[in-house]
$ cat coords_39.pdb   # PDB, C-alpha atoms and all ligand atoms
ATOM      1  CA  ALA A   1      24.848 -38.291 -12.215
ATOM      2  CA  LYS A   2      23.315 -39.778  -9.128
ATOM      3  CA  GLU A   3      26.214 -38.461  -7.046
ATOM      4  CA  ASP A   4      25.789 -35.013  -8.540
ATOM      5  CA  GLY A   5      22.130 -35.062  -7.745
ATOM      6  CA  ARG A   6      22.825 -35.944  -4.176
ATOM      7  CA  ASN A   7      25.525 -33.299  -3.858
ATOM      8  CA  THR A   8      23.194 -30.677  -5.212
ATOM      9  CA  PHE A   9      20.558 -31.830  -2.822
ATOM     10  CA  HIS A  10      22.880 -31.611   0.163
ATOM     11  CA  HIS A  11      24.275 -28.305  -0.890
ATOM     12  CA  TYR A  12      20.978 -26.657  -1.628
ATOM     13  CA  HIS A  13      18.194 -28.039   0.437
ATOM     14  CA  PRO A  14      19.005 -27.034   3.999
ATOM     15  CA  GLN A  15      18.651 -23.352   3.125
ATOM     16  CA  LEU A  16      15.463 -23.904   1.208
ATOM     17  CA  ASP A  17      14.053 -25.875   4.080
ATOM     18  CA  LYS A  18      15.008 -23.205   6.508
ATOM     19  CA  ALA A  19      13.340 -20.468   4.468
ATOM     20  CA  SER A  20      10.114 -22.383   3.963
ATOM     21  CA  ASP A  21      10.208 -23.463   7.590
ATOM     22  CA  GLU A  22      10.271 -19.823   8.673
ATOM     23  CA  LYS A  23       7.417 -19.026   6.314
ATOM     24  CA  PHE A  24       5.416 -21.935   7.602
ATOM     25  CA  LYS A  25       5.984 -20.811  11.188
ATOM     26  CA  LEU A  26       4.861 -17.272  10.374
ATOM     27  CA  LEU A  27       1.784 -18.589   8.617
ATOM     28  CA  GLN A  28       0.901 -20.747  11.624
ATOM     29  CA  LEU A  29       1.206 -17.717  13.903
ATOM     30  CA  MET A  30      -0.673 -15.405  11.588
ATOM     31  CA  ARG A  31      -4.185 -16.821  11.779
ATOM     32  CA  PRO A  32      -4.490 -16.651  15.595
ATOM     33  CA  ALA A  33      -2.755 -13.250  15.552
ATOM     34  CA  ILE A  34      -5.380 -11.832  13.180
ATOM     35  CA  ARG A  35      -8.186 -13.183  15.341
ATOM     36  CA  ALA A  36      -6.607 -11.924  18.554
ATOM     37  CA  ASN A  37      -6.246  -8.440  17.063
ATOM     38  CA  LYS A  38      -2.439  -8.564  17.240
ATOM     39  CA  PHE A  39      -1.842  -6.588  14.062
ATOM     40  CA  ILE A  40      -1.738  -2.813  14.111
ATOM     41  CA  LEU A  41      -1.937  -0.038  11.558
ATOM     42  CA  ASN A  42       0.520   2.798  11.278
ATOM     43  CA  TYR A  43      -0.374   5.946   9.395
ATOM     44  CA  GLN A  44       1.619   8.180   7.088
ATOM     45  CA  PRO A  45       0.289  11.524   5.866
ATOM     46  CA  MET A  46       0.141  12.694   2.256
ATOM     47  CA  ILE A  47       0.524  16.404   1.688
ATOM     48  CA  ASP A  48      -1.119  18.567  -0.965
ATOM     49  CA  LEU A  49       1.910  20.286  -2.511
ATOM     50  CA  THR A  50      -0.099  23.330  -3.564
ATOM     51  CA  THR A  51      -1.804  24.124  -0.265
ATOM     52  CA  GLY A  52       0.437  22.314   2.222
ATOM     53  CA  ASP A  53      -2.619  20.547   3.697
ATOM     54  CA  GLN A  54      -2.638  16.964   4.863
ATOM     55  CA  CYS A  55      -5.093  15.464   2.441
ATOM     56  CA  VAL A  56      -5.004  11.714   3.050
ATOM     57  CA  VAL A  57      -3.256   9.311   5.399
ATOM     58  CA  GLU A  58      -2.096   5.892   4.243
ATOM     59  CA  ALA A  59      -2.653   2.919   6.533
ATOM     60  CA  LEU A  60       0.359   0.580   6.659
ATOM     61  CA  LEU A  61       0.129  -2.768   8.358
ATOM     62  CA  ARG A  62       2.531  -3.879  11.139
ATOM     63  CA  TRP A  63       2.853  -7.132  13.048
ATOM     64  CA  PRO A  64       4.337  -6.473  16.503
ATOM     65  CA  GLN A  65       6.110  -9.434  18.110
ATOM     66  CA  GLU A  66       6.295 -10.451  21.757
ATOM     67  CA  ASP A  67       9.890  -9.178  21.995
ATOM     68  CA  GLY A  68       8.934  -5.676  20.858
ATOM     69  CA  SER A  69      10.188  -6.077  17.293
ATOM     70  CA  PHE A  70       8.021  -5.878  14.171
ATOM     71  CA  VAL A  71       7.600  -8.136  11.203
ATOM     72  CA  GLY A  72       7.191  -5.901   8.160
ATOM     73  CA  PRO A  73       4.490  -6.208   5.505
ATOM     74  CA  ASP A  74       7.001  -6.959   2.742
ATOM     75  CA  GLN A  75       7.731 -10.119   4.721
ATOM     76  CA  PHE A  76       4.278 -11.304   5.787
ATOM     77  CA  ILE A  77       1.938 -10.072   3.023
ATOM     78  CA  PRO A  78       3.322 -12.565   0.459
ATOM     79  CA  ILE A  79       2.979 -15.337   3.041
ATOM     80  CA  ALA A  80      -0.606 -14.314   3.793
ATOM     81  CA  GLU A  81      -1.284 -14.342   0.055
ATOM     82  CA  GLN A  82       0.215 -17.779  -0.481
ATOM     83  CA  GLY A  83      -1.311 -19.175   2.683
ATOM     84  CA  GLY A  84      -4.868 -18.088   1.903
ATOM     85  CA  LEU A  85      -5.070 -15.526   4.713
ATOM     86  CA  ILE A  86      -4.971 -12.310   2.729
ATOM     87  CA  ASN A  87      -8.753 -11.904   2.526
ATOM     88  CA  GLU A  88      -9.136 -12.179   6.267
ATOM     89  CA  LEU A  89      -6.196  -9.885   6.961
ATOM     90  CA  GLY A  90      -7.276  -7.447   4.242
ATOM     91  CA  ALA A  91     -10.813  -7.271   5.643
ATOM     92  CA  TRP A  92      -9.394  -6.513   9.090
ATOM     93  CA  VAL A  93      -7.268  -3.698   7.620
ATOM     94  CA  LEU A  94     -10.269  -2.163   5.833
ATOM     95  CA  GLN A  95     -12.377  -2.332   8.966
ATOM     96  CA  GLU A  96      -9.693  -0.904  11.255
ATOM     97  CA  ALA A  97      -8.723   1.877   8.841
ATOM     98  CA  CYS A  98     -12.343   2.943   8.332
ATOM     99  CA  LEU A  99     -12.962   2.971  12.084
ATOM    100  CA  PHE A 100      -9.843   5.077  12.708
ATOM    101  CA  CYS A 101     -10.789   7.552  10.006
ATOM    102  CA  ALA A 102     -14.409   7.845  11.154
ATOM    103  CA  GLN A 103     -13.287   8.423  14.759
ATOM    104  CA  GLN A 104     -10.907  11.218  13.756
ATOM    105  CA  ARG A 105     -13.550  12.855  11.587
ATOM    106  CA  GLN A 106     -15.839  13.012  14.611
ATOM    107  CA  THR A 107     -13.181  14.535  16.852
ATOM    108  CA  GLY A 108     -11.822  17.465  14.896
ATOM    109  CA  LEU A 109     -10.374  16.183  11.635
ATOM    110  CA  GLU A 110     -13.674  16.306   9.783
ATOM    111  CA  ASN A 111     -12.081  16.122   6.329
ATOM    112  CA  LEU A 112      -9.640  13.288   6.997
ATOM    113  CA  ARG A 113      -9.444  10.645   4.278
ATOM    114  CA  ILE A 114      -7.816   7.231   4.512
ATOM    115  CA  ALA A 115      -5.879   5.176   1.955
ATOM    116  CA  VAL A 116      -5.765   1.383   2.226
ATOM    117  CA  ASN A 117      -3.470  -0.967   0.292
ATOM    118  CA  LEU A 118      -5.122  -3.908  -1.415
ATOM    119  CA  SER A 119      -3.634  -7.136  -2.637
ATOM    120  CA  VAL A 120      -4.825  -8.123  -6.063
ATOM    121  CA  MET A 121      -5.740 -11.492  -4.546
ATOM    122  CA  GLN A 122      -8.528  -9.744  -2.677
ATOM    123  CA  PHE A 123     -10.357  -9.483  -6.009
ATOM    124  CA  LYS A 124     -10.310 -13.217  -6.639
ATOM    125  CA  ASP A 125     -13.440 -14.384  -4.827
ATOM    126  CA  GLY A 126     -15.645 -11.502  -5.956
ATOM    127  CA  CYS A 127     -16.603 -10.501  -2.396
ATOM    128  CA  LEU A 128     -14.405  -7.421  -2.124
ATOM    129  CA  GLN A 129     -17.145  -4.893  -2.773
ATOM    130  CA  SER A 130     -19.333  -6.220   0.006
ATOM    131  CA  VAL A 131     -16.342  -6.372   2.369
ATOM    132  CA  ILE A 132     -15.664  -2.696   1.622
ATOM    133  CA  GLU A 133     -19.299  -1.687   1.970
ATOM    134  CA  HIS A 134     -19.487  -3.477   5.295
ATOM    135  CA  ALA A 135     -16.345  -1.739   6.565
ATOM    136  CA  LEU A 136     -17.738   1.659   5.543
ATOM    137  CA  SER A 137     -21.212   1.179   6.937
ATOM    138  CA  SER A 138     -20.148  -0.325  10.238
ATOM    139  CA  ALA A 139     -17.754   2.593  10.758
ATOM    140  CA  ASN A 140     -20.340   5.035   9.434
ATOM    141  CA  LEU A 141     -17.736   6.431   7.051
ATOM    142  CA  PRO A 142     -18.736   7.961   3.706
ATOM    143  CA  ALA A 143     -17.257   6.243   0.650
ATOM    144  CA  GLU A 144     -15.631   9.537  -0.394
ATOM    145  CA  ALA A 145     -13.305   9.264   2.618
ATOM    146  CA  LEU A 146     -11.797   6.000   1.376
ATOM    147  CA  GLU A 147      -9.031   5.543  -1.125
ATOM    148  CA  LEU A 148      -7.746   2.175  -2.331
ATOM    149  CA  GLU A 149      -4.170   1.625  -3.491
ATOM    150  CA  LEU A 150      -3.428  -1.094  -6.004
ATOM    151  CA  THR A 151      -0.012  -2.094  -7.254
ATOM    152  CA  GLU A 152       0.333  -1.459 -10.951
ATOM    153  CA  SER A 153       2.381  -4.516 -11.791
ATOM    154  CA  LEU A 154      -0.311  -6.847 -10.506
ATOM    155  CA  LEU A 155      -3.109  -5.427 -12.611
ATOM    156  CA  ILE A 156      -2.064  -7.273 -15.738
ATOM    157  CA  ASP A 157      -3.602 -10.466 -14.362
ATOM    158  CA  ASP A 158      -7.215 -11.343 -14.870
ATOM    159  CA  THR A 159      -8.024  -7.816 -15.897
ATOM    160  CA  GLU A 160     -11.675  -8.130 -16.864
ATOM    161  CA  HIS A 161     -12.752  -9.624 -13.569
ATOM    162  CA  ILE A 162     -10.841  -6.903 -11.706
ATOM    163  CA  GLN A 163     -12.044  -4.084 -13.967
ATOM    164  CA  LYS A 164     -15.678  -4.929 -13.333
ATOM    165  CA  GLN A 165     -15.210  -4.849  -9.589
ATOM    166  CA  LEU A 166     -13.196  -1.630  -9.701
ATOM    167  CA  LEU A 167     -15.882   0.056 -11.757
ATOM    168  CA  ALA A 168     -18.526  -0.848  -9.169
ATOM    169  CA  ILE A 169     -16.241   0.210  -6.322
ATOM    170  CA  SER A 170     -15.406   3.563  -7.902
ATOM    171  CA  GLN A 171     -19.103   4.171  -8.528
ATOM    172  CA  LEU A 172     -19.599   4.055  -4.767
ATOM    173  CA  GLY A 173     -17.468   7.207  -4.615
ATOM    174  CA  ILE A 174     -14.230   5.533  -3.540
ATOM    175  CA  THR A 175     -10.963   6.834  -5.033
ATOM    176  CA  ILE A 176      -8.676   4.364  -6.776
ATOM    177  CA  ALA A 177      -4.948   5.000  -6.802
ATOM    178  CA  ILE A 178      -2.312   3.053  -8.700
ATOM    179  CA  ASP A 179       0.674   2.338  -6.444
ATOM    180  CA  ASP A 180       4.328   1.914  -7.431
ATOM    181  CA  PHE A 181       3.634   3.481 -10.810
ATOM    182  CA  GLY A 182       6.451   3.141 -13.310
ATOM    183  CA  THR A 183       7.630  -0.276 -12.197
ATOM    184  CA  GLY A 184       5.027  -2.338 -14.061
ATOM    185  CA  TYR A 185       3.929  -2.654 -17.625
ATOM    186  CA  SER A 186       0.749  -0.702 -18.019
ATOM    187  CA  ASN A 187       0.530   2.542 -19.928
ATOM    188  CA  LEU A 188      -1.407   5.553 -18.798
ATOM    189  CA  GLY A 189      -4.326   5.066 -21.190
ATOM    190  CA  TYR A 190      -4.833   1.555 -19.931
ATOM    191  CA  LEU A 191      -5.243   2.896 -16.405
ATOM    192  CA  ARG A 192      -8.579   4.346 -17.387
ATOM    193  CA  ASN A 193      -9.896   0.810 -17.531
ATOM    194  CA  PHE A 194      -9.302   0.589 -13.814
ATOM    195  CA  ASN A 195     -11.145   3.814 -13.012
ATOM    196  CA  ALA A 196      -8.029   5.135 -11.333
ATOM    197  CA  SER A 197      -7.871   8.826 -10.547
ATOM    198  CA  LYS A 198      -4.462   8.928  -8.860
ATOM    199  CA  LEU A 199      -0.986   7.671  -9.646
ATOM    200  CA  LYS A 200       1.643   7.122  -7.002
ATOM    201  CA  ILE A 201       5.034   7.460  -8.636
ATOM    202  CA  ASP A 202       7.307   4.745  -7.320
ATOM    203  CA  ARG A 203       9.892   5.652  -4.711
ATOM    204  CA  SER A 204      12.725   4.299  -6.861
ATOM    205  CA  PHE A 205      12.242   7.248  -9.268
ATOM    206  CA  VAL A 206      11.607   9.797  -6.548
ATOM    207  CA  ARG A 207      14.761   8.808  -4.695
ATOM    208  CA  SER A 208      17.007   9.633  -7.641
ATOM    209  CA  ILE A 209      15.159  12.638  -8.980
ATOM    210  CA  CYS A 210      17.954  15.053  -8.045
ATOM    211  CA  THR A 211      20.808  12.846  -9.199
ATOM    212  CA  SER A 212      19.560  11.220 -12.385
ATOM    213  CA  LYS A 213      18.466  13.357 -15.304
ATOM    214  CA  ASP A 214      16.834  10.264 -16.852
ATOM    215  CA  ASP A 215      14.668   9.718 -13.795
ATOM    216  CA  GLU A 216      13.808  13.397 -13.671
ATOM    217  CA  ASN A 217      12.693  13.254 -17.316
ATOM    218  CA  LEU A 218      10.690  10.125 -16.681
ATOM    219  CA  VAL A 219       8.896  11.604 -13.673
ATOM    220  CA  SER A 220       8.300  14.793 -15.602
ATOM    221  CA  ALA A 221       6.734  12.805 -18.473
ATOM    222  CA  ILE A 222       4.514  10.820 -16.083
ATOM    223  CA  ILE A 223       3.301  14.010 -14.388
ATOM    224  CA  GLY A 224       2.634  15.694 -17.739
ATOM    225  CA  MET A 225       0.676  12.810 -19.208
ATOM    226  CA  ALA A 226      -1.210  12.156 -15.989
ATOM    227  CA  GLY A 227      -2.260  15.808 -15.950
ATOM    228  CA  ASN A 228      -3.543  15.540 -19.519
ATOM    229  CA  LEU A 229      -5.617  12.538 -18.555
ATOM    230  CA  GLY A 230      -7.017  14.247 -15.476
ATOM    231  CA  LEU A 231      -5.148  12.008 -13.039
ATOM    232  CA  LEU A 232      -3.578  13.336  -9.853
ATOM    233  CA  THR A 233       0.047  12.444  -9.132
ATOM    234  CA  VAL A 234       1.519  11.469  -5.783
ATOM    235  CA  ALA A 235       5.277  11.216  -5.234
ATOM    236  CA  GLU A 236       6.073   8.642  -2.537
ATOM    237  CA  GLY A 237       9.304   8.412  -0.597
ATOM    238  CA  ILE A 238      10.239  12.109  -0.518
ATOM    239  CA  GLU A 239      13.037  12.411   2.018
ATOM    240  CA  ASP A 240      14.594  15.821   1.465
ATOM    241  CA  LYS A 241      13.797  19.390   0.584
ATOM    242  CA  ALA A 242      15.637  19.377  -2.742
ATOM    243  CA  SER A 243      13.526  16.480  -4.040
ATOM    244  CA  LEU A 244      10.369  18.157  -2.778
ATOM    245  CA  GLU A 245      11.251  21.378  -4.606
ATOM    246  CA  LYS A 246      12.064  19.527  -7.794
ATOM    247  CA  LEU A 247       8.771  17.626  -7.707
ATOM    248  CA  THR A 248       6.804  20.786  -6.990
ATOM    249  CA  THR A 249       8.466  22.461  -9.966
ATOM    250  CA  LEU A 250       7.556  19.489 -12.145
ATOM    251  CA  GLY A 251       3.914  19.950 -11.148
ATOM    252  CA  CYS A 252       3.416  16.944  -8.899
ATOM    253  CA  ASP A 253       0.183  17.315  -6.904
ATOM    254  CA  ILE A 254       0.788  15.383  -3.693
ATOM    255  CA  GLY A 255       3.811  14.259  -1.666
ATOM    256  CA  GLN A 256       4.491  11.597   0.949
ATOM    257  CA  GLY A 257       7.652  10.543   2.716
ATOM    258  CA  TYR A 258      10.030  10.760   5.652
ATOM    259  CA  TYR A 259      10.552  14.460   4.864
ATOM    260  CA  TRP A 260       7.219  15.009   6.656
ATOM    261  CA  SER A 261       6.805  11.846   8.676
ATOM    262  CA  LYS A 262       7.467   8.148   8.854
ATOM    263  CA  PRO A 263       4.400   5.961   9.272
ATOM    264  CA  VAL A 264       3.399   6.362  12.941
ATOM    265  CA  ALA A 265       0.803   4.995  15.374
ATOM    266  CA  GLY A 266      -2.645   6.578  15.270
ATOM    267  CA  ASP A 267      -2.286   8.738  18.390
ATOM    268  CA  GLU A 268       1.090  10.000  17.210
ATOM    269  CA  LEU A 269      -0.395  10.949  13.861
ATOM    270  CA  ILE A 270      -3.090  12.953  15.592
ATOM    271  CA  SER A 271      -0.634  14.961  17.667
ATOM    272  CA  LEU A 272       1.470  15.471  14.540
ATOM    273  CA  ILE A 273      -1.467  16.868  12.588
ATOM    274  CA  SER A 274      -2.764  18.977  15.469
ATOM    275  CA  LYS A 275       0.658  20.518  15.984
ATOM    276  CA  GLU A 276       0.758  21.606  12.387
ATOM    277  CA  SER A 277      -2.635  23.238  12.225
TER     278      SER A 277
HETATM  279  P1  LIG B   1       3.787   0.784  -0.390
HETATM  280  O1  LIG B   1       2.298   0.777  -0.385
HETATM  281  O2  LIG B   1       4.474   1.226  -1.617
HETATM  282  O3  LIG B   1       4.180   1.679   0.879
HETATM  283  C1  LIG B   1       5.276   2.540   0.924
HETATM  284  C2  LIG B   1       6.398   1.963   1.752
HETATM  285  O4  LIG B   1       7.479   2.902   1.755
HETATM  286  C3  LIG B   1       6.048   1.739   3.208
HETATM  287  O5  LIG B   1       6.778   0.615   3.649
HETATM  288  C4  LIG B   1       6.554   3.029   3.873
HETATM  289  O6  LIG B   1       6.859   2.839   5.240
HETATM  290  C5  LIG B   1       7.794   3.293   3.079
HETATM  291  N1  LIG B   1       8.136   4.719   3.026
HETATM  292  C6  LIG B   1       7.301   5.786   3.112
HETATM  293  N2  LIG B   1       7.985   6.942   2.986
HETATM  294  C7  LIG B   1       9.274   6.621   2.829
HETATM  295  C8  LIG B   1      10.500   7.387   2.638
HETATM  296  O7  LIG B   1      10.500   8.608   2.593
HETATM  297  N3  LIG B   1      11.659   6.679   2.497
HETATM  298  C9  LIG B   1      11.690   5.319   2.529
HETATM  299  N4  LIG B   1      12.870   4.708   2.404
HETATM  300  N5  LIG B   1      10.571   4.572   2.707
HETATM  301  C10 LIG B   1       9.379   5.205   2.840
HETATM  302  P2  LIG B   1       6.084  -0.524   4.523
HETATM  303  O8  LIG B   1       5.176   0.105   5.527
HETATM  304  O9  LIG B   1       7.158  -1.436   5.002
HETATM  305  O10 LIG B   1       5.170  -1.288   3.480
HETATM  306  C11 LIG B   1       5.720  -2.030   2.430
HETATM  307  C12 LIG B   1       4.659  -2.506   1.476
HETATM  308  O11 LIG B   1       3.803  -3.479   2.097
HETATM  309  C13 LIG B   1       3.727  -1.420   1.007
HETATM  310  O12 LIG B   1       4.348  -0.672  -0.038
HETATM  311  C14 LIG B   1       2.520  -2.210   0.560
HETATM  312  O13 LIG B   1       2.705  -2.686  -0.758
HETATM  313  C15 LIG B   1       2.544  -3.385   1.516
HETATM  314  N6  LIG B   1       1.508  -3.172   2.552
HETATM  315  C16 LIG B   1       1.552  -2.433   3.684
HETATM  316  N7  LIG B   1       0.385  -2.485   4.366
HETATM  317  C17 LIG B   1      -0.433  -3.281   3.625
HETATM  318  C18 LIG B   1      -1.799  -3.733   3.777
HETATM  319  O14 LIG B   1      -2.531  -3.368   4.710
HETATM  320  N8  LIG B   1      -2.295  -4.556   2.792
HETATM  321  C19 LIG B   1      -1.536  -4.931   1.711
HETATM  322  N9  LIG B   1      -2.095  -5.755   0.783
HETATM  323  N10 LIG B   1      -0.278  -4.521   1.533
HETATM  324  C20 LIG B   1       0.277  -3.709   2.476
HETATM  325 CA    CA B   2       0.719   2.117  -0.903
HETATM  326 CA    CA B   3       4.222   2.516  -3.308
HETATM  327 CA    CA B   4       5.791  -0.822  -2.670
END
$ encode --input "coords_39.pdb" --output "structure tokens" --more "lines below"
Ligand code: C2E
Ligand code: CA
Ligand code: CA
Ligand code: CA
Amino acid sequence: AKEDGRNTFHHYHPQLDKASDEKFKLLQLMRPAIRANKFILNYQPMIDLTTGDQCVVEALLRWPQEDGSFVGPDQFIPIAEQGGLINELGAWVLQEACLFCAQQRQTGLENLRIAVNLSVMQFKDGCLQSVIEHALSSANLPAEALELELTESLLIDDTEHIQKQLLAISQLGITIAIDDFGTGYSNLGYLRNFNASKLKIDRSFVRSICTSKDDENLVSAIIGMAGNLGLLTVAEGIEDKASLEKLTTLGCDIGQGYYWSKPVAGDELISLISKES
């Protein structure tokens, strides 16, 4: 048994060590990078499928490296969460996104609105509302211009504490959107408890909408029920015209995806929007 244990150890541990070593290195680099303003936001437009207007842009976090490559948020957000840095990073994102939006509103895009992704861990210490209010007031951005995206699957935790904060936040005039809808466990009625007014249908369903009748039916049901509850629907990850047409036929309100644009740097977004209008 002792031999087995040692074999397992030898077979298994080097990889584990390597993975946690990498994570530890990233975490060590993250704190100074936040403080030295080394993170950037990219922006991806959302399009009103009825009017064709750009209605909101989503801010997506990027970590550029010295060698010109990027570490993606799927990689570093979980590390920031585990390492206790998500509040600091999240506050930076809110601040930066509000500043960008306010600037664009002053220079021609007076109706621009901005969507920011939140980690559920940002609700833990109870300071989120004041962090948001500070970001808005220091950018001089009205609350109506801000939208917050929360991942559905994470809302099952600690719901009362989160609900209270979301109620107060939505009463400021901020829009709450549920991200990755369809992948978690909540039902549509339950979403009312979070004061959500938008649902973003997860990309995994959107991707297969033209090839899987089941996924088409599911998306159709989500759009129908959301409409009955007065919630707007956003389809994320639209990459081609056929999917766009299908979603429009199903009554989806808003679209987002590579079909229009990948997430791009702020100045690129501006030239993209100006070209279109
Ligand atoms: P998400 O909020 O669901 O964002 C959508 C992801 O899909 C983005 O990946 C976006 O680049 C990608 N995407 C958009 N359109 C298309 C498309 O047509 N096709 C395909 N294949 N992909 C598309 P990204 O930027 O790598 O972000 C990944 C996740 O990281 C986000 O998922 C979000 O959960 C998280 N994240 C990003 N920025 C932040 C942030 O500032 N704070 C927090 N807490 N999480 C963030
Ligand atoms: Ca999102
Ligand atoms: Ca999503
Ligand atoms: Ca996602």
$ closest_atom_pairs --input "coords_39.pdb" --of "chain A" --to "ligand CA 3 (chain B)" --cutoff "9 Å" --atoms "all atoms listed in the file" --output "JSON lines"
{"residue": "A:Glu149", "atom": "CA", "partner": "B:CA3", "partner_atom": "CA", "distance": 8.4}
{"residue": "A:Leu150", "atom": "CA", "partner": "B:CA3", "partner_atom": "CA", "distance": 8.9}
{"residue": "A:Thr151", "atom": "CA", "partner": "B:CA3", "partner_atom": "CA", "distance": 7.4}
{"residue": "A:Ile178", "atom": "CA", "partner": "B:CA3", "partner_atom": "CA", "distance": 8.5}
{"residue": "A:Asp179", "atom": "CA", "partner": "B:CA3", "partner_atom": "CA", "distance": 4.7}
{"residue": "A:Asp180", "atom": "CA", "partner": "B:CA3", "partner_atom": "CA", "distance": 4.2}
{"residue": "A:Phe181", "atom": "CA", "partner": "B:CA3", "partner_atom": "CA", "distance": 7.6}
{"residue": "A:Lys200", "atom": "CA", "partner": "B:CA3", "partner_atom": "CA", "distance": 6.4}
{"residue": "A:Ile201", "atom": "CA", "partner": "B:CA3", "partner_atom": "CA", "distance": 7.3}
{"residue": "A:Asp202", "atom": "CA", "partner": "B:CA3", "partner_atom": "CA", "distance": 5.5}
{"residue": "A:Arg203", "atom": "CA", "partner": "B:CA3", "partner_atom": "CA", "distance": 6.6}
{"residue": "A:Ala235", "atom": "CA", "partner": "B:CA3", "partner_atom": "CA", "distance": 9.0}
{"residue": "A:Glu236", "atom": "CA", "partner": "B:CA3", "partner_atom": "CA", "distance": 6.4}
{"residue": "A:Gly237", "atom": "CA", "partner": "B:CA3", "partner_atom": "CA", "distance": 8.2}
$ residues_around --input "coords_39.pdb" --residues "A:Asn111" --least-positions-apart "2" --cutoff "9 Å" --atoms "all atoms listed in the file" --output "PyMOL selection string"
chain A and resi 55-56+104-105+108-109+113+145
$ write_last_selection --input "coords_39.pdb" --atoms "C-alpha atoms" --output "PDB file, in the frame of the given file"
ATOM      1  CA  CYS A  55      -5.093  15.464   2.441  1.00  0.00           C
ATOM      2  CA  VAL A  56      -5.004  11.714   3.050  1.00  0.00           C
ATOM      3  CA  GLN A 104     -10.907  11.218  13.756  1.00  0.00           C
ATOM      4  CA  ARG A 105     -13.550  12.855  11.587  1.00  0.00           C
ATOM      5  CA  GLY A 108     -11.822  17.465  14.896  1.00  0.00           C
ATOM      6  CA  LEU A 109     -10.374  16.183  11.635  1.00  0.00           C
ATOM      7  CA  ARG A 113      -9.444  10.645   4.278  1.00  0.00           C
ATOM      8  CA  ALA A 145     -13.305   9.264   2.618  1.00  0.00           C
TER       9      ALA A 145
END
$ atom_distance --input "coords_39.pdb" --atom1 "atom CA of A:Ile47" --atom2 "atom CA of A:Val116"
16.3 Å
$ closest_residue --input "coords_39.pdb" --among "A:Val264, A:Ile209, A:Phe24, A:Lys38" --to "A:Ala59" --atoms "only C-alpha atoms"
A:Val264
$ closest_residue --input "coords_39.pdb" --among "A:Glu66, A:Leu191, A:Gly230, A:Ile79" --to "A:Ala19" --atoms "all atoms listed in the file"
A:Ile79
$ resolve_selection --input "coords_39.pdb" --expression "the PyMOL selection byres (((chain A and resi 256) around 12) and not hetatm)" --output "VMD selection string"
chain A and resid 43 to 49 52 to 58 200 to 203 206 233 to 240 243 to 244 247 252 to 255 257 to 263
$ residues_around --input "coords_39.pdb" --residues "A:Arg31" --least-positions-apart "2" --cutoff "12 Å" --atoms "all atoms listed in the file" --output "list in words"
Phe24, Lys25, Leu26, Leu27, Gln28, Leu29, Ala33, Ile34, Arg35, Ala36, Asn37, Lys38, Phe39, Phe76, Ile79, Ala80, Gly83, Gly84, Leu85, Ile86, Asn87, Glu88, Leu89 and Trp92 of chain A
$ axis_aligned_box --input "coords_39.pdb" --around "stretch 77-90 of chain A" --padding-each-side "4 Å" --output "JSON"
{"center_x": -2.9, "center_y": -13.3, "center_z": 3.2, "size_x": 20.5, "size_y": 19.7, "size_z": 15.4}
$ atom_distance --input "coords_39.pdb" --atom1 "atom CA of A:Ala97" --atom2 "atom CA of A:His161"
25.5 Å
$ residues_around --input "coords_39.pdb" --residues "A:Leu167" --least-positions-apart "3" --cutoff "9 Å" --atoms "only C-alpha atoms" --output "list in words"
Ile162, Gln163, Lys164, Ser170, Gln171, Leu172, Asn193, Phe194 and Asn195 of chain A
$ closest_residue --input "coords_39.pdb" --among "A:Asp17, A:Glu147, A:Asp215, A:Glu81" --to "ligand CA 2 (chain B)" --atoms "all atoms listed in the file"
A:Glu147
$ resolve_selection --input "coords_39.pdb" --expression "the PyMOL selection byres (((chain A and resi 218) around 12) and not hetatm)" --output "VMD selection string"
chain A and resid 181 to 183 201 to 202 204 to 206 208 to 209 212 to 217 219 to 225 247 250
$ atom_distance --input "coords_39.pdb" --atom1 "atom CA of A:Leu41" --atom2 "atom O8 of ligand LIG 1 (chain B)"
9.3 Å
$ closest_residue --input "coords_39.pdb" --among "A:Ser197, A:Asn117, A:Gln129, A:Thr159" --to "ligand CA 4 (chain B)" --atoms "only C-alpha atoms and all ligand atoms"
A:Asn117
$ closest_residue --input "coords_39.pdb" --among "A:Cys98, A:Ile169, A:Met30, A:Ala135" --to "A:Ile114" --atoms "all atoms listed in the file"
A:Cys98
